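Notes to accompany the following structure.
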Amino acid sequence: MAPYASDDSTTAGEVDEQRSGRRKAARYIVPVTVVGVAAATIGLVPALADSGDPDLPKITAQQLIEKIAKSDVQQLSGTVRISTDLGLPNLGGLESGLLSGAAGQGEGGSSADPTAKLTELASGTHTLRVAADGPDKQKLSLLENAAEYSVIHNGKDVWGYDSKSNEVYHGTSSEGPERGKDQQPPALPKDFAEEALKAVDDTTSVTVDGTAQVAGRDAYKLVVEPKQSGSTVGAITVAVDAETGMPLKFTLTPAGGGSAVVDAGFTKVSFARPAASTFDFTPPKGAKVTEEKDAGKAREASGETPRKAPGKPFDLGRAHKAGKDSGKGADGPDGMKTIGEGWTAIATFDTGGEGVPSGKAGGELGGFMDSLGDKVHGKFGSGTVFSTRLVNALVTDDGKVYAGLVTKDALVKAADAGK
């Protein structure tokens, strides 16, 4: 069966030198992006909803969070629009190169591999078709211009299909309760909301701010805002379905204003059981089929680093736990520590290197890196700050990294305090 049809209305040498410089730059940028999704946490202050349209019974933030936790939607189908605008620096193709590298498009790779293809959701605006019928049947289709990509989980089978390249990827799901999800990225509003709410503590104000309609459904608006100053996070708003408790829309806005950093929401949704045929899949005639085990062997033979399923771009719960467990073997690079807590927590570790190449001493690569970051100075010495609209990361000239959802000034202050 083919994936969903897209009916939603909704001088050569110099070039080689530039590419070479960007490839070298990647090894400096990757550690920053890995640490970059650092530390924001959510707290709780009960509040009553204001009257609004639609007119719904008043509810406290505590009750609404409990409603989300108890939500158990098993069947649904619909359309989701997701926009991500991290404000990444213009890498002149490096960003897409990193993503395609992560996608394993080289030896043994397949454009249909779910752990690779769906990294595209990390930037830009995308339309998805989604369907689910319990824990054993899910389908997600990424609608593109004149092409589609689908990942289908049906029982033990997980299929990825890229219509543009006519490639198929076949794997198997895990046996646990999260089976099937291990090869899919967070894409639905509830994925983002659940991760955010794992970190509830007293560093945040959580209120109910009236009601709204999302995809034709009545919903409450849960608003999460930092109590602490110095964070780059402005607010998180979750529209929660009044009937089922399922998050219908998730919006994260930066403290600096402007468009949302992440905006994921249903434009259409139904909680009726999808047709069983929705989850059927047979590789199209002539399609190249790659088996998961064969792809793994090919990557291993070529020396490529094994890939993992797409991570959670805003894993606030893990970041908060890392803060509390700092020095106790929390997830992250060896020796990583966390300074502070809540929204202003800063992850720091020593790379053991010499920092980022800079200026004339750094040659061509130094000039390229200077174009991506800002040079800063303090009691700690000097370093380079790489910024997005949400994450800032300071790499000192002696190889220490400080990163978090905090301002540049907060990073410099933390680095100074470490001396």
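Following the order of the structure tokens, chains are lettered A, B, ..., residues in each are numbered from 1, and ligands are numbered from 1.
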For this session: Fewer than 5 positions away in the same chain doesn't count, so skip those; otherwise give me all residues within 6 Å of stretch 148-159 of chain A, counting only C-alpha atoms, as a list in words.
Result: Asp136, Lys137, Gln138, Lys139, Leu140, Ser141, Leu142, Leu143, Tyr169, His170, Gly171, Thr172, Ser173 and Gly180 of chain A
Problem set entry | Residue set, stretch 97-231 of chain A restricted to helix (DSSP H, G or I), as a PyMOL selection string | chain A and resi 97-102+114-122+181-183+189-197
For this session: Can you work out which one of A:Asp55, A:Asp397, A:Asp191, A:Glu66 has the shortest atom-to-atom distance to A:Leu222, counting only C-alpha atoms?
Result: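 Ranked by minimum distance to A:Leu222, first place goes to A:Glu66.
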For this session: Between atom CA of A:Thr348 and atom CA of A:Val412, measure the distance and give it in Å to one decimal.
Result: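 Straight-line distance from atom CA of A:Thr348 to atom CA of A:Val412 works out to 12.0 Å.
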For this session: Quote the spacing between atom CA of A:Ala272 and atom CA of A:Thr127 in Å to one decimal place.
Result: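 Answer for the atom CA of A:Ala272 to atom CA of A:Thr127 separation: 20.8 Å.
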